[in-house]
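Next up, entry.txt (compact mmCIF, C-alpha atoms):
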# COMPACT_ATOMS: atom_id res chain seq x y z
CA MET A 1 -0.73 7.67 -32.46
CA ALA A 2 2.44 8.50 -30.59
CA ASP A 3 0.40 10.33 -27.94
CA LEU A 4 -1.75 7.35 -27.20
CA ASP A 5 1.29 5.11 -27.05
CA SER A 6 3.04 7.34 -24.55
CA VAL A 7 -0.08 7.61 -22.40
CA LEU A 8 -0.45 3.84 -22.44
CA ALA A 9 3.19 3.45 -21.50
CA TYR A 10 2.55 5.36 -18.25
CA THR A 11 -0.63 3.54 -17.37
CA ALA A 12 0.39 0.11 -18.61
CA ASN A 13 0.87 -0.70 -14.99
CA LEU A 14 -2.83 -0.43 -14.22
CA MET A 15 -4.36 -1.36 -17.56
CA SER A 16 -3.78 -5.02 -16.72
CA ASP A 17 -5.90 -4.63 -13.57
CA ILE A 18 -8.99 -3.35 -15.35
CA ASP A 19 -12.23 -5.23 -14.60
CA LYS A 20 -10.55 -7.00 -11.68
CA LYS A 21 -11.78 -6.82 -8.10
CA LEU A 22 -9.36 -4.52 -6.34
CA MET A 23 -8.80 -3.24 -2.85
CA ILE A 24 -7.95 0.46 -2.77
CA VAL A 25 -6.40 2.07 0.28
CA LEU A 26 -6.88 5.83 0.26
CA LYS A 27 -4.54 8.37 1.79
CA ASP A 28 -6.94 8.95 4.68
CA GLY A 29 -6.73 5.26 5.57
CA ARG A 30 -10.11 4.18 4.20
CA THR A 31 -10.33 0.87 2.38
CA LEU A 32 -12.56 0.43 -0.66
CA ILE A 33 -13.20 -2.77 -2.59
CA GLY A 34 -14.68 -2.67 -6.07
CA PHE A 35 -14.30 -3.49 -9.73
CA LEU A 36 -11.86 -1.23 -11.55
CA ARG A 37 -13.53 0.07 -14.71
CA SER A 38 -11.18 2.85 -15.81
CA VAL A 39 -7.82 4.47 -15.03
CA ASP A 40 -5.60 7.21 -16.40
CA GLN A 41 -1.99 8.31 -16.02
CA PHE A 42 -2.71 10.06 -12.68
CA ALA A 43 -4.28 6.92 -11.22
CA ASN A 44 -7.71 8.56 -11.28
CA LEU A 45 -10.02 5.57 -10.90
CA VAL A 46 -13.56 4.49 -11.63
CA LEU A 47 -14.81 1.78 -9.29
CA GLN A 48 -18.09 -0.09 -9.72
CA ASP A 49 -20.09 -1.99 -7.08
CA THR A 50 -17.82 -0.58 -4.41
CA ILE A 51 -17.96 -1.45 -0.74
CA GLU A 52 -16.12 0.27 2.06
CA ARG A 53 -14.49 -2.20 4.42
CA ILE A 54 -13.83 -1.12 7.99
CA HIS A 55 -11.37 -3.11 10.08
CA VAL A 56 -11.22 -2.91 13.85
CA GLY A 57 -8.85 -5.42 15.39
CA LYS A 58 -9.85 -8.84 14.10
CA GLN A 59 -13.32 -7.77 13.02
CA TYR A 60 -14.42 -6.20 9.76
CA GLY A 61 -17.63 -4.90 8.26
CA ASP A 62 -18.68 -3.91 4.75
CA ILE A 63 -20.75 -0.86 3.83
CA PRO A 64 -22.19 -0.79 0.29
CA ARG A 65 -21.15 2.45 -1.43
CA GLY A 66 -21.83 2.01 -5.17
CA LEU A 67 -20.05 3.80 -8.01
CA PHE A 68 -16.93 5.85 -7.36
CA VAL A 69 -14.68 8.20 -9.27
CA ILE A 70 -11.54 8.63 -7.17
CA ARG A 71 -9.14 11.45 -7.85
CA GLY A 72 -5.67 9.97 -8.26
CA ASP A 73 -3.92 11.96 -5.54
CA ASN A 74 -6.07 10.28 -2.87
CA VAL A 75 -4.91 6.81 -3.82
CA ALA A 76 -2.20 5.09 -1.78
CA ILE A 77 -2.38 1.41 -2.71
CA LEU A 78 -4.28 -0.69 -5.21
CA GLY A 79 -4.23 -4.34 -4.26
CA GLU A 80 -5.35 -7.29 -6.29
CA MET A 81 -7.62 -9.44 -4.09
CA ASP A 82 -6.46 -13.01 -3.86
CA ASP A 83 -9.27 -15.35 -2.84
CA LYS A 84 -6.79 -18.06 -1.88
CA LYS A 85 -5.43 -15.94 0.93
CA ASP A 86 -8.53 -16.39 3.03
CA LEU A 87 -10.03 -14.16 5.65
CA THR A 88 -10.73 -16.91 8.19
CA GLN A 89 -8.52 -15.18 10.77
CA LEU A 90 -10.95 -12.28 10.61
CA GLN A 91 -14.55 -12.16 11.68
CA LYS A 92 -17.24 -10.44 9.65
CA VAL A 93 -19.76 -8.42 11.68
CA SER A 94 -22.76 -6.24 10.84
CA ILE A 95 -22.45 -2.61 9.73
CA GLU A 96 -23.84 -1.33 13.03
CA ASP A 97 -21.38 -3.40 15.06
CA ILE A 98 -18.33 -2.35 13.06
CA LEU A 99 -19.35 1.32 13.20
CA ASP A 100 -19.73 1.05 16.97
CA ALA A 101 -16.33 -0.61 17.25
CA GLN A 102 -14.79 2.06 15.04
CA ARG A 103 -16.32 4.84 17.15
CA GLU A 104 -14.87 3.27 20.29
CA GLN A 105 -11.46 2.94 18.65
CA LEU A 106 -11.49 6.59 17.59
CA GLN A 107 -12.54 7.68 21.07
CA ARG A 108 -9.67 5.68 22.58
CA ARG A 109 -7.21 7.28 20.17
CA ASP A 110 -8.55 10.74 20.94
CA GLU A 111 -8.08 10.17 24.65
CA GLU A 112 -4.55 8.87 24.10
CA THR A 113 -3.68 11.93 22.03
CA LYS A 114 -5.15 14.22 24.65
CA LEU A 115 -3.13 12.53 27.41
CA ARG A 116 0.05 12.67 25.34
CA ASN A 117 -0.42 16.35 24.54
CA GLN A 118 -1.11 17.11 28.18
CA ALA A 119 2.01 15.21 29.27
CA MET A 120 4.08 17.09 26.72
CA LEU A 121 2.73 20.46 27.83
CA GLU A 122 3.50 19.63 31.45
CA ARG A 123 7.10 18.97 30.41
CA GLY A 124 7.31 22.23 28.51
CA LEU A 125 7.10 20.65 25.06
CA GLN A 126 4.88 21.85 22.28
CA PRO A 127 2.55 19.03 21.20
CA HIS A 128 2.47 18.30 17.47
CA GLY A 129 -0.44 20.08 15.86
CA ASP A 130 -1.94 17.03 14.24
CA VAL A 131 -0.21 13.71 14.69
CA GLY A 132 -3.28 12.00 13.27
CA SER A 133 -3.76 8.29 13.22
CA GLU A 134 -1.07 6.18 11.64
CA ASP A 135 -3.46 5.15 8.86
CA THR A 136 -3.33 8.53 7.20
CA LEU A 137 -0.62 9.84 4.94
CA MET B 138 15.21 9.74 -15.43
CA LEU B 139 18.15 8.30 -13.52
CA PHE B 140 16.10 6.79 -10.75
CA PHE B 141 13.54 5.48 -13.18
CA SER B 142 16.31 3.59 -15.00
CA PHE B 143 17.76 2.52 -11.70
CA PHE B 144 14.49 1.03 -10.50
CA LYS B 145 13.98 -0.64 -13.87
CA SER B 146 17.28 -2.45 -13.33
CA LEU B 147 15.94 -3.78 -10.01
CA VAL B 148 12.88 -5.50 -11.51
CA GLY B 149 12.59 -9.05 -10.21
CA LYS B 150 14.43 -8.32 -6.96
CA GLU B 151 12.84 -8.41 -3.54
CA VAL B 152 12.36 -4.96 -2.00
CA ILE B 153 10.60 -3.48 1.01
CA VAL B 154 8.56 -0.36 0.33
CA GLU B 155 7.80 1.82 3.33
CA LEU B 156 4.86 4.17 2.91
CA LYS B 157 4.31 7.56 4.48
CA ASN B 158 1.60 5.99 6.69
CA ASP B 159 4.27 3.67 8.21
CA LEU B 160 2.96 0.59 6.41
CA SER B 161 5.80 -1.56 5.03
CA VAL B 162 5.18 -3.90 2.13
CA CYS B 163 7.70 -6.56 1.19
CA GLY B 164 7.49 -8.02 -2.32
CA ILE B 165 9.13 -8.73 -5.66
CA LEU B 166 9.47 -5.61 -7.81
CA HIS B 167 7.33 -6.25 -10.88
CA SER B 168 7.41 -2.90 -12.63
CA VAL B 169 7.95 0.80 -12.18
CA ASP B 170 6.88 3.83 -14.23
CA GLN B 171 8.00 7.43 -14.74
CA TYR B 172 6.27 8.64 -11.56
CA LEU B 173 8.07 5.89 -9.63
CA ASN B 174 4.75 4.18 -9.05
CA ILE B 175 5.69 0.67 -8.03
CA LYS B 176 4.05 -2.65 -8.71
CA LEU B 177 4.92 -5.51 -6.36
CA VAL B 178 3.98 -9.16 -6.67
CA ASP B 179 3.73 -11.81 -3.98
CA ILE B 180 3.62 -9.28 -1.19
CA SER B 181 3.73 -9.77 2.54
CA VAL B 182 3.12 -7.26 5.31
CA PRO B 183 5.12 -7.87 8.48
CA ASP B 184 2.54 -6.26 10.78
CA THR B 185 -0.77 -7.88 9.74
CA GLU B 186 -2.20 -7.26 13.21
CA LYS B 187 -2.14 -3.55 12.56
CA TYR B 188 -2.95 -3.72 8.86
CA PRO B 189 -5.46 -6.58 8.55
CA HIS B 190 -6.79 -5.34 5.20
CA MET B 191 -3.53 -6.39 3.52
CA ILE B 192 -4.00 -10.11 4.31
CA SER B 193 -6.08 -10.85 1.21
CA VAL B 194 -3.81 -8.96 -1.19
CA LYS B 195 -1.20 -10.73 -3.30
CA ASN B 196 -0.14 -8.19 -5.91
CA CYS B 197 -0.30 -4.47 -5.46
CA PHE B 198 0.29 -1.12 -7.11
CA ILE B 199 1.75 1.61 -4.90
CA ARG B 200 1.40 5.23 -5.98
CA GLY B 201 4.81 6.87 -6.14
CA SER B 202 3.67 9.90 -4.15
CA VAL B 203 2.98 7.86 -0.99
CA VAL B 204 6.36 6.10 -0.84
CA ARG B 205 8.76 7.13 1.91
CA TYR B 206 11.58 4.63 1.46
CA VAL B 207 12.44 1.67 -0.71
CA HIS B 208 14.74 -0.78 1.08
CA LEU B 209 16.95 -2.44 -1.51
CA PRO B 210 18.99 -5.62 -1.38
CA ALA B 211 22.49 -4.15 -0.86
CA GLU B 212 24.31 -6.99 -2.60
CA GLU B 213 22.35 -6.45 -5.82
CA ILE B 214 23.36 -2.83 -6.27
CA ASP B 215 26.48 -1.63 -8.01
CA VAL B 216 27.06 1.68 -6.23
CA GLN B 217 30.05 2.44 -8.47
CA LEU B 218 27.85 2.14 -11.55
CA LEU B 219 25.22 4.38 -9.98
CA GLN B 220 27.82 7.04 -9.17
CA ASP B 221 29.21 6.91 -12.69
CA ALA B 222 25.74 7.26 -14.16
CA THR B 223 25.09 10.28 -11.94
CA ARG B 224 28.34 11.96 -13.00
CA LYS B 225 27.55 11.25 -16.63
CA GLU B 226 24.15 12.90 -16.24
CA VAL B 227 25.69 15.97 -14.59
CA ALA B 228 28.34 16.22 -17.32
CA GLN B 229 25.63 15.99 -19.96
CA LEU B 230 23.62 18.73 -18.29
CA LYS B 231 26.69 20.98 -18.11
CA SER B 232 27.60 20.50 -21.76
CA GLN B 233 24.02 21.32 -22.71
CA GLN B 234 24.16 24.52 -20.69
CA THR B 235 27.48 25.63 -22.19
CA ALA B 236 26.11 24.94 -25.65
CA GLN B 237 23.16 27.19 -24.87
CA VAL B 238 25.46 29.97 -23.62
CA ALA B 239 27.62 29.69 -26.73
CA ALA B 240 24.62 30.00 -29.05
CA PRO B 241 22.12 32.21 -27.17
CA SER B 242 20.34 33.38 -30.33
CA LYS B 243 18.40 30.09 -30.48

Using structure tokens, write down the structure that the file contains.
Amino acid sequence: MADLDSVLAYTANLMSDIDKKLMIVLKDGRTLIGFLRSVDQFANLVLQDTIERIHVGKQYGDIPRGLFVIRGDNVAILGEMDDKKDLTQLQKVSIEDILDAQREQLQRRDEETKLRNQAMLERGLQPHGDVGSEDTL
Amino acid sequence: MLFFSFFKSLVGKEVIVELKNDLSVCGILHSVDQYLNIKLVDISVPDTEKYPHMISVKNCFIRGSVVRYVHLPAEEIDVQLLQDATRKEVAQLKSQQTAQVAAPSK
């Protein structure tokens, strides 16, 4: 069973997190929270009872998403949720409210990018094709 | 494998991992694997205002492919040893190559 042993050696890191409630940050900046049911050596994941948590400033909202298989290359961070570190500094709001807040935030960012690109063009500089938000990798 | 061994020797030390999305995570290095995936315990994020989702996280696994830098504690690292290990690896590689040239039939 040398093969199995070597595979386990690579994934030993995540095997200990199985069946725990984890927070996954994806490369595109999205945050998912769910129970880790399976992993492999590429950090492909299976998440059960997943929610997507959206943060805007000090507010957050949860959207129920269900069962996920996540391809490993989209994963940035897996965090073990610690209930002792409480969320009292943050305020939970409804799905509609957080989506509205997120839309506003995106609009603001878009306008900022537009202004920056315009300012760069006026100074004879080529704006970066896609700076993107800082959440993405 | 040099960097894998190197990181293994740093287990238990406090490091700061900077990700490609500009998030920095400070924590104790718990383990590392062949892909340089990193597991940190007792983490803190300096800029919780910007990254509020990290408040409730204590231990985390960071995929090696998203790491930009690892800030190391300078006093814990024997640069001389690291240089020697690198030279040894290069010498090993060279001797392997010459052996292959000497016996090309294999």

Using only C-alpha atoms, determine which residues lie at most 7 Å from Pro64 of chain A, disregarding the query and same-chain residues fewer than 6 positions distant; provide the list as a list in words.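 The filter keeps Thr50, Ile51 and Glu52 of chain A.
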
I'd like the contact shell of Pro210 of chain B - 10 Å cut-off, all atoms listed in the file, skipping same-chain residues fewer than 5 positions apart - returned as a ChimeraX atom specification. /B:147,150-153

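When atom CA of Ile54 of chain A is paired with atom CA of Val204 of chain B, their separation reads 23.2 Å.
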
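Between Thr31 of chain A and the residues A:Pro127, A:Gly66, A:Gly72, A:Gly79, the shortest atom-to-atom distance, using all atoms listed in the file, involves A:Gly79.
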
Using only C-alpha atoms, determine which residues of chain B fall within 10 Å of chain A; present them as a PyMOL selection string. chain B and resi 156-160+167-172+174-178+180+186-204

What does the distance between atom CA of Asp110 of chain A and atom CA of Ile98 of chain A come to in Å, to one decimal place?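 Spanning atom CA of Asp110 of chain A to atom CA of Ile98 of chain A is a straight-line distance of 18.1 Å.
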
Atom CA of Ser161 of chain B and atom CA of Val182 of chain B, how far apart in Å?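 Separation between atom CA of Val182 of chain B and atom CA of Ser161 of chain B: 6.3 Å.
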
Go through B:Leu173, B:Leu209, B:Ser232, B:Thr185 one by one, measure the shortest atom-to-atom distance of each to Gly149 of chain B using only C-alpha atoms, and give the residue with the smallest value. B:Leu209

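When all atoms listed in the file are used to measure the gap to Gln102 of chain A, the shortest distance among A:Met15, A:Asn44, A:Gly61, A:Gly34 belongs to A:Gly61.
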